[in-house]
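Reproduced below: run.txt, with compact mmCIF, C-alpha atoms.
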```
# COMPACT_ATOMS: atom_id res chain seq x y z
CA THR A 1 -25.81 28.97 44.72
CA THR A 2 -28.03 30.64 47.32
CA LEU A 3 -31.53 29.19 47.15
CA SER A 4 -34.60 31.29 47.80
CA LEU A 5 -36.55 28.72 49.78
CA PRO A 6 -40.35 28.93 50.13
CA LEU A 7 -40.26 27.77 53.72
CA SER A 8 -38.30 27.79 56.94
CA PHE A 9 -38.06 25.08 59.56
CA THR A 10 -37.80 25.01 63.34
CA PRO A 11 -36.48 21.62 64.51
CA ALA A 12 -37.71 19.88 67.62
CA ALA A 13 -34.29 20.06 69.24
CA ASN A 14 -30.70 20.82 68.41
CA PRO A 15 -29.98 18.14 65.81
CA ALA A 16 -27.15 15.75 66.40
CA GLN A 17 -24.29 15.59 63.93
CA LEU A 18 -25.08 13.44 60.94
CA SER A 19 -23.34 10.11 60.93
CA ALA A 20 -20.95 9.25 58.13
CA GLU A 21 -23.55 6.78 56.91
CA ASP A 22 -26.23 9.50 56.75
CA ILE A 23 -23.93 11.89 54.91
CA ALA A 24 -23.10 9.20 52.37
CA TYR A 25 -26.80 8.50 51.86
CA VAL A 26 -27.61 12.18 51.26
CA GLN A 27 -24.86 12.25 48.66
CA LYS A 28 -26.33 9.14 47.10
CA LEU A 29 -29.76 10.76 46.84
CA THR A 30 -28.42 13.86 45.12
CA ALA A 31 -26.62 11.63 42.61
CA ILE A 32 -29.74 9.54 41.94
CA ALA A 33 -31.72 12.72 41.27
CA ARG A 34 -29.65 13.35 38.15
CA ASP A 35 -29.87 9.74 36.99
CA ALA A 36 -32.95 9.01 34.87
CA SER A 37 -32.34 5.26 34.69
CA TYR A 38 -35.01 4.59 37.36
CA THR A 39 -33.36 1.39 38.58
CA LEU A 40 -32.94 2.12 42.31
CA PRO A 41 -35.60 2.13 45.04
CA GLU A 42 -35.07 5.88 45.65
CA CYS A 43 -35.52 6.76 41.96
CA SER A 44 -38.62 8.89 42.62
CA VAL A 45 -36.20 11.76 43.42
CA SER A 46 -35.27 11.73 39.71
CA LEU A 47 -38.79 12.61 38.57
CA PRO A 48 -38.68 16.42 39.00
CA PHE A 49 -35.49 16.60 36.91
CA ASP A 50 -36.79 14.42 34.04
CA LYS A 51 -37.85 16.88 31.32
CA SER A 52 -39.41 14.12 29.23
CA ILE A 53 -42.25 13.83 31.77
CA ILE A 54 -43.51 17.40 31.34
CA ASP A 55 -42.86 17.32 27.60
CA GLN A 56 -44.92 14.18 27.01
CA ALA A 57 -47.70 15.33 29.32
CA ARG A 58 -47.89 18.75 27.65
CA ALA A 59 -47.97 17.24 24.16
CA LEU A 60 -50.92 15.03 25.07
CA TYR A 61 -52.70 17.87 26.86
CA GLN A 62 -52.40 20.08 23.78
CA LYS A 63 -53.67 17.25 21.59
CA ILE A 64 -56.82 16.62 23.61
CA SER A 65 -57.67 20.26 24.35
CA SER A 66 -56.69 22.10 21.15
CA ALA A 67 -60.11 21.92 19.50
CA HIS A 68 -62.31 22.33 22.58
CA PRO A 69 -61.62 23.74 26.06
CA LEU A 70 -61.81 21.29 28.92
CA LYS A 71 -64.56 21.68 31.48
CA TYR A 72 -63.87 18.64 33.69
CA VAL A 73 -60.90 16.48 34.60
CA VAL A 74 -61.83 13.18 36.24
CA VAL A 75 -59.06 11.20 37.92
CA VAL A 76 -60.04 7.59 38.58
CA GLY A 77 -57.52 6.07 40.97
CA ILE A 78 -56.94 5.33 44.62
CA GLY A 79 -54.13 5.97 47.10
CA GLY A 80 -50.99 7.27 45.43
CA SER A 81 -52.75 7.23 42.08
CA ASN A 82 -54.79 10.29 42.98
CA LEU A 83 -53.93 11.61 46.45
CA GLY A 84 -50.95 13.71 45.34
CA THR A 85 -52.87 15.31 42.46
CA LEU A 86 -55.86 15.99 44.70
CA ALA A 87 -53.60 17.45 47.40
CA VAL A 88 -52.13 20.01 44.98
CA TYR A 89 -55.54 20.84 43.53
CA ASP A 90 -57.26 21.30 46.90
CA ALA A 91 -54.42 23.48 48.17
CA LEU A 92 -54.62 25.81 45.17
CA CYS A 93 -58.26 25.56 44.08
CA GLY A 94 -60.28 23.96 46.88
CA LEU A 95 -61.78 27.19 48.19
CA ASP A 96 -62.89 28.19 44.69
CA ASP A 97 -64.81 24.93 44.37
CA ARG A 98 -66.23 25.03 47.88
CA TYR A 99 -67.61 28.54 47.54
CA GLY A 100 -68.56 28.37 43.87
CA SER A 101 -66.08 30.94 42.61
CA GLN A 102 -66.34 31.46 38.86
CA THR A 103 -63.09 30.49 37.15
CA SER A 104 -62.16 29.65 33.58
CA ARG A 105 -60.16 26.58 34.59
CA PRO A 106 -61.61 23.04 34.52
CA ARG A 107 -62.87 21.40 37.67
CA LEU A 108 -61.36 18.24 39.14
CA PHE A 109 -63.37 15.24 40.25
CA ALA A 110 -61.56 12.31 41.88
CA LEU A 111 -63.14 8.86 42.07
CA ASP A 112 -61.29 6.83 44.67
CA THR A 113 -63.79 4.44 46.21
CA VAL A 114 -66.68 2.31 45.03
CA HIS A 115 -69.37 4.25 46.88
CA ASP A 116 -72.60 4.07 44.90
CA ALA A 117 -74.02 7.47 45.86
CA THR A 118 -70.73 9.26 45.15
CA VAL A 119 -70.33 7.75 41.69
CA ASP A 120 -74.02 8.26 40.91
CA HIS A 121 -73.84 11.96 41.82
CA LEU A 122 -70.84 12.42 39.52
CA ARG A 123 -72.62 10.60 36.68
CA LYS A 124 -75.65 12.84 37.02
CA HIS A 125 -73.56 16.00 37.28
CA LEU A 126 -71.70 15.20 34.08
CA VAL A 127 -74.88 14.29 32.21
CA GLU A 128 -76.56 17.52 33.23
CA ASN A 129 -73.60 19.81 32.58
CA MET A 130 -71.75 18.36 29.59
CA ALA A 131 -72.78 19.41 26.10
CA HIS A 132 -69.95 17.67 24.26
CA LYS A 133 -67.68 14.71 25.00
CA ASP A 134 -64.64 16.99 24.61
CA ASP A 135 -65.73 18.78 27.79
CA VAL A 136 -64.04 16.03 29.79
CA VAL A 137 -60.83 14.03 30.03
CA VAL A 138 -60.87 10.86 32.13
CA CYS A 139 -57.51 9.84 33.62
CA VAL A 140 -57.53 6.20 34.75
CA VAL A 141 -54.49 5.69 36.96
CA SER A 142 -53.26 2.26 38.00
CA LYS A 143 -49.70 0.94 37.90
CA SER A 144 -50.85 -2.62 37.33
CA GLY A 145 -54.39 -2.26 36.05
CA ASN A 146 -55.74 -4.77 38.57
CA THR A 147 -56.93 -2.30 41.22
CA THR A 148 -60.56 -3.30 41.84
CA GLU A 149 -61.93 0.12 42.81
CA THR A 150 -60.23 1.91 39.92
CA MET A 151 -61.39 -0.51 37.22
CA ALA A 152 -64.94 -0.65 38.60
CA ASN A 153 -65.32 3.14 38.67
CA ALA A 154 -63.67 3.58 35.27
CA ASN A 155 -66.07 1.13 33.66
CA ILE A 156 -69.11 2.87 35.16
CA LEU A 157 -67.92 6.31 34.05
CA ILE A 158 -66.90 5.27 30.52
CA GLN A 159 -70.15 3.42 29.87
CA GLU A 160 -72.10 6.47 31.08
CA LEU A 161 -70.22 8.74 28.69
CA GLU A 162 -70.58 6.27 25.82
CA SER A 163 -74.33 6.01 26.34
CA ARG A 164 -74.55 9.77 25.97
CA PHE A 165 -71.93 10.59 23.34
CA GLY A 166 -70.98 7.35 21.60
CA PRO A 167 -67.31 6.28 21.48
CA VAL A 168 -65.16 8.27 23.93
CA ASN A 169 -61.88 6.41 23.56
CA ASP A 170 -60.13 9.68 22.63
CA ARG A 171 -61.18 11.21 25.99
CA VAL A 172 -59.63 8.46 28.14
CA VAL A 173 -56.00 8.53 29.29
CA ALA A 174 -54.52 5.42 30.91
CA ILE A 175 -51.58 6.17 33.22
CA THR A 176 -49.77 2.98 34.13
CA ASP A 177 -46.52 1.03 34.21
CA PRO A 178 -44.80 0.45 30.87
CA GLY A 179 -45.59 -3.03 29.57
CA SER A 180 -48.44 -3.58 32.04
CA ALA A 181 -51.58 -5.48 31.07
CA PHE A 182 -53.44 -2.19 31.48
CA ALA A 183 -51.15 -0.43 29.00
CA ALA A 184 -51.73 -3.19 26.42
CA HIS A 185 -55.49 -3.22 26.93
CA ALA A 186 -55.72 0.58 26.80
CA ALA A 187 -53.81 0.62 23.52
CA SER A 188 -56.19 -2.01 22.09
CA GLN A 189 -59.12 0.27 23.03
CA LYS A 190 -57.37 3.21 21.38
CA TYR A 191 -57.12 5.10 24.68
CA HIS A 192 -54.22 7.50 25.17
CA VAL A 193 -51.43 5.97 27.28
CA LEU A 194 -48.88 7.66 29.53
CA THR A 195 -46.44 5.64 31.61
CA LEU A 196 -44.47 6.16 34.80
CA PRO A 197 -41.22 4.39 35.68
CA LYS A 198 -41.92 0.92 37.03
CA HIS A 199 -39.73 1.34 40.13
CA VAL A 200 -41.50 4.56 41.22
CA GLY A 201 -44.01 3.60 43.89
CA GLY A 202 -47.53 4.96 43.56
CA ARG A 203 -47.28 7.01 46.74
CA TYR A 204 -44.21 8.81 45.31
CA SER A 205 -45.65 9.35 41.82
CA VAL A 206 -47.07 12.88 41.94
CA PHE A 207 -44.07 14.28 39.99
CA SER A 208 -44.63 11.73 37.20
CA ALA A 209 -47.41 11.70 34.59
CA VAL A 210 -49.71 10.61 37.44
CA GLY A 211 -49.73 14.18 38.80
CA VAL A 212 -48.22 16.29 36.04
CA PHE A 213 -50.72 15.42 33.29
CA PRO A 214 -53.98 16.10 35.18
CA LEU A 215 -52.51 19.25 36.75
CA LEU A 216 -51.66 20.57 33.27
CA CYS A 217 -55.21 19.77 32.15
CA LEU A 218 -56.49 21.76 35.13
CA GLY A 219 -54.48 24.80 34.08
CA LEU A 220 -52.24 24.62 37.15
CA ASP A 221 -48.53 25.36 37.32
CA ALA A 222 -47.10 21.86 36.94
CA GLU A 223 -43.70 23.28 35.99
CA GLY A 224 -43.65 25.32 39.20
CA LEU A 225 -44.47 22.17 41.16
CA LEU A 226 -41.46 20.44 39.60
CA ARG A 227 -39.21 23.46 40.21
CA GLY A 228 -40.13 23.40 43.87
CA ALA A 229 -39.30 19.71 44.11
CA GLN A 230 -35.98 20.35 42.38
CA SER A 231 -35.21 23.03 44.96
CA ALA A 232 -35.89 20.59 47.79
CA VAL A 233 -33.43 18.09 46.33
CA ASN A 234 -30.85 20.81 45.62
CA ASP A 235 -31.23 21.99 49.20
CA LEU A 236 -29.75 18.70 50.39
CA THR A 237 -26.32 20.15 49.62
CA SER A 238 -26.90 23.39 51.58
CA PRO A 239 -25.33 23.96 55.02
CA ALA A 240 -28.54 23.15 56.92
CA PRO A 241 -30.86 21.07 54.72
CA ILE A 242 -34.48 21.25 55.86
CA ALA A 243 -35.17 17.70 54.68
CA VAL A 244 -32.27 16.34 56.72
CA SER A 245 -33.34 18.24 59.85
CA ALA A 246 -36.91 16.95 59.46
CA TYR A 247 -35.55 13.42 59.04
CA GLN A 248 -33.56 13.78 62.26
CA ASP A 249 -36.73 14.81 64.12
CA ILE A 250 -38.67 11.83 62.77
CA LYS A 251 -35.80 9.52 63.72
CA ALA A 252 -35.62 11.03 67.22
CA ALA A 253 -39.36 10.44 67.68
CA TYR A 254 -38.98 6.90 66.39
CA ASP A 255 -36.04 6.20 68.71
CA ALA A 256 -38.02 7.62 71.64
CA HIS A 257 -40.73 5.03 70.89
CA LEU A 258 -43.42 7.64 70.29
CA ALA A 259 -46.40 5.95 68.66
CA ILE A 260 -47.97 8.75 66.62
CA HIS A 261 -46.88 11.47 64.21
CA ASP A 262 -49.49 14.22 63.95
CA LEU A 263 -49.30 16.70 61.07
CA PHE A 264 -50.98 19.80 62.52
CA LEU A 265 -51.86 22.01 59.55
CA PHE A 266 -52.70 25.62 60.27
CA ASP A 267 -54.25 26.09 56.85
CA PRO A 268 -57.43 24.15 55.91
CA ARG A 269 -56.38 24.16 52.25
CA LEU A 270 -53.69 21.62 53.14
CA GLU A 271 -55.96 18.96 54.63
CA THR A 272 -55.72 16.71 51.56
CA MET A 273 -51.95 17.26 51.57
CA GLY A 274 -52.03 15.85 55.09
CA LYS A 275 -53.92 12.77 53.89
CA TRP A 276 -51.35 12.25 51.12
CA TYR A 277 -48.48 12.54 53.64
CA ARG A 278 -50.36 10.12 55.89
CA GLN A 279 -50.03 7.49 53.17
CA LEU A 280 -46.32 8.25 52.67
CA LEU A 281 -45.54 7.79 56.34
CA ALA A 282 -47.79 4.78 56.93
CA GLU A 283 -46.78 2.74 53.89
CA SER A 284 -43.10 3.65 54.02
CA LEU A 285 -42.42 3.00 57.72
CA GLY A 286 -45.21 0.58 58.62
CA LYS A 287 -43.15 -2.59 58.17
CA GLU A 288 -41.91 -5.54 60.24
CA GLY A 289 -43.97 -4.63 63.29
CA LYS A 290 -42.67 -1.05 63.33
CA GLY A 291 -43.87 2.40 62.32
CA LEU A 292 -45.51 5.62 63.46
CA LEU A 293 -49.28 6.09 63.26
CA PRO A 294 -49.86 9.19 61.07
CA THR A 295 -52.72 11.52 61.97
CA VAL A 296 -53.85 14.83 60.53
CA SER A 297 -55.13 17.82 62.51
CA ILE A 298 -56.41 21.17 61.24
CA GLY A 299 -55.79 24.39 63.16
CA SER A 300 -57.58 25.95 64.73
CA THR A 301 -60.60 23.65 64.23
CA ASP A 302 -59.15 20.66 66.03
CA LEU A 303 -58.04 22.70 69.03
CA HIS A 304 -61.73 22.51 69.92
CA SER A 305 -62.04 18.76 69.36
CA VAL A 306 -58.84 16.89 70.30
CA ALA A 307 -56.43 19.37 71.93
CA GLN A 308 -57.39 18.16 75.41
CA LEU A 309 -56.06 14.72 74.49
CA TYR A 310 -52.99 16.14 72.72
CA LEU A 311 -51.96 18.29 75.69
CA GLY A 312 -53.37 16.34 78.63
CA GLY A 313 -53.36 12.76 77.43
CA PRO A 314 -50.51 10.29 76.90
CA ASN A 315 -47.25 11.88 75.80
CA ASN A 316 -46.88 9.45 72.89
CA ARG A 317 -47.14 11.84 69.95
CA PHE A 318 -44.66 13.76 67.81
CA THR A 319 -46.23 16.78 66.10
CA SER A 320 -45.15 18.71 63.00
CA PHE A 321 -46.86 22.08 62.78
CA VAL A 322 -47.32 23.72 59.38
CA TRP A 323 -48.03 27.44 59.14
CA VAL A 324 -48.76 29.27 55.89
CA GLU A 325 -48.44 33.06 55.88
CA GLN A 326 -51.92 34.58 55.73
CA GLY A 327 -53.45 37.51 53.88
CA ASN A 328 -54.86 40.59 55.58
CA SER A 329 -58.14 41.13 53.75
CA CYS A 330 -60.54 40.43 56.66
CA VAL A 331 -60.42 43.00 59.48
CA ILE A 332 -62.95 43.33 62.31
CA ASP A 333 -64.53 46.75 62.70
CA SER A 334 -63.14 48.83 65.55
CA ASN A 335 -66.61 48.81 67.12
CA PRO A 336 -67.72 45.25 66.40
CA SER A 337 -71.40 44.29 66.40
CA LEU A 338 -70.64 41.32 68.67
CA ALA A 339 -68.44 42.81 71.37
CA LEU A 340 -68.41 39.81 73.70
CA VAL A 341 -64.71 38.97 73.33
CA GLU A 342 -62.29 41.61 74.51
CA ASN A 343 -59.77 43.27 72.17
CA LEU A 344 -61.20 41.93 68.90
CA GLY A 345 -61.98 45.40 67.52
CA GLY A 346 -59.61 46.42 64.71
CA LYS A 347 -57.89 43.03 64.59
CA SER A 348 -57.35 41.13 61.35
CA LEU A 349 -58.26 37.45 61.18
CA SER A 350 -54.67 36.66 60.22
CA THR A 351 -53.42 38.32 63.42
CA ILE A 352 -55.85 36.28 65.52
CA TYR A 353 -55.01 33.08 63.65
CA HIS A 354 -51.28 33.55 64.12
CA ALA A 355 -51.71 34.27 67.82
CA ILE A 356 -53.66 31.02 68.19
CA TYR A 357 -50.93 29.15 66.29
CA GLU A 358 -48.12 30.58 68.44
CA GLY A 359 -50.13 29.95 71.60
CA THR A 360 -50.62 26.32 70.59
CA ARG A 361 -46.91 25.81 70.01
CA ALA A 362 -46.17 27.45 73.38
CA ALA A 363 -48.60 25.05 75.07
CA TYR A 364 -46.86 22.08 73.47
CA THR A 365 -43.51 23.37 74.75
CA LYS A 366 -44.89 23.92 78.25
CA THR A 367 -46.35 20.40 78.46
CA GLY A 368 -43.22 18.76 77.03
CA ARG A 369 -44.77 17.56 73.77
CA MET A 370 -42.17 16.96 71.06
CA HIS A 371 -42.80 19.09 67.98
CA ASP A 372 -41.20 20.86 65.07
CA ALA A 373 -42.59 23.49 62.67
CA PHE A 374 -42.62 24.38 58.99
CA HIS A 375 -43.36 27.98 57.98
CA PHE A 376 -44.42 28.67 54.37
CA SER A 377 -44.14 32.22 53.10
CA THR A 378 -46.73 31.54 50.39
CA LEU A 379 -48.92 28.76 49.09
CA ASP A 380 -48.32 28.23 45.39
CA ALA A 381 -47.33 25.33 43.14
CA GLU A 382 -43.63 25.85 43.77
CA SER A 383 -43.88 25.87 47.56
CA ILE A 384 -46.12 22.78 47.46
CA GLY A 385 -43.61 21.03 45.21
CA TYR A 386 -40.84 21.83 47.66
```

What's the structure tokens form of this structure?
Amino acid sequence: TTLSLPLSFTPAANPAQLSAEDIAYVQKLTAIARDASYTLPECSVSLPFDKSIIDQARALYQKISSAHPLKYVVVVGIGGSNLGTLAVYDALCGLDDRYGSQTSRPRLFALDTVHDATVDHLRKHLVENMAHKDDVVVCVVSKSGNTTETMANANILIQELESRFGPVNDRVVAITDPGSAFAAHAASQKYHVLTLPKHVGGRYSVFSAVGVFPLLCLGLDAEGLLRGAQSAVNDLTSPAPIAVSAYQDIKAAYDAHLAIHDLFLFDPRLETMGKWYRQLLAESLGKEGKGLLPTVSIGSTDLHSVAQLYLGGPNNRFTSFVWVEQGNSCVIDSNPSLALVENLGGKSLSTIYHAIYEGTRAAYTKTGRMHDAFHFSTLDAESIGY
């Protein structure tokens, strides 16, 4: 089958032939993806193919929203318990929230640290803007239930809602490991409970109920997210798998003893995605005295803050550029009011942005900085899932 992929990839160098061991491992991954037993360390690749996840999440979503439309979705979690969900949301909806665009969908709030002013502002916002307890669903996400920040914030938020509306147990969803102390306690409190497979690590859990349920509540295309992830796994059997080429670049950087992997995102909507990937790289490879330090840069903002170091400092960094195809709605007048920069008249912002992006990559090539590049044709749930 020919796949219509949402992105293309330019590797850092001509990749070496895969070893027999690597080929066998790719084959193992594709087999695990169709095995819903969740017994192996790599079992997170099974999540996008497990229809029970979306079915259970949708059933609960319909139950809690059928009588009253949701206005707010609050995810209380930290690290992998909320970063993936927030990454998808910010990529698709972040600009709407930042600039106050009027939409019919609920708004996401994520509580991920015990910062008094942050939690207090959320409490006050909910009190001032909620007319009914059914305006909100609170997702408390913890695999074990013993995460200090998550339990502290959840208690503050639930007691605030109870002081205003009385019992709110039907507005709380616990997302946790099956059989965990949190699952048992949540059931005793008559909270809703969704579980994720025990062997799926938190940082890999966005395709489980951890991400799928809140994204459904937010009115986002959770099924498209899963389809994109399925495509990425299916692509492992194509002639030139993007995932395998990207792995070879990471391995080459690792073998060259580079210290840093910078994800240079030429789309500000992906900044939270970068923070989520930062966790994946740091927690997965940061073991036994080894690892790459993950950093996140935003183009073209950070060209004016750290590019001098990137291009003129130590050559100890491997960079992955990410470009998302831009729209063409903003065009500078042919006779601009501020005519201080030559040749701006009649140019679209997307043309300028792409020229800056290509110029940056050319500068990295000229100065011998190892880099590869991902090019997204569009930014939607499916391409993010991929």

- What is the distance, in Å and to one decimal place, between CA of Asn129 (chain A) and CA of Asn82 (chain A)? 23.5 Å

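When only C-alpha atoms are used to measure the gap to Ala57 (chain A), the shortest distance among A:Val26, A:Val210, A:Ile352, A:Leu161 belongs to A:Val210.
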
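In terms of minimum interatomic distance to Asn146 (chain A), A:Gly77 ranks closest within A:Thr103, A:His115, A:Gly77, A:Leu83, counting only C-alpha atoms.
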
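Between CA of Ala31 (chain A) and CA of Phe49 (chain A) the separation is 11.7 Å.
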
- Task: Quick one: everything within 9 Å of Arg107 (chain A), counting only C-alpha atoms, minus sequence neighbours fewer than 3 positions away in the same chain. Send it as a PyMOL selection string.
- Result: chain A and resi 70-74+93+97+218

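By all atoms listed in the file, and with residues fewer than 6 positions from region 265-272 of chain A along its chain excluded, the set lying at most 6 Å from it is Ala87, Ala91, Ile298, Gly299, Phe321, Val322 and Trp323 of chain A.
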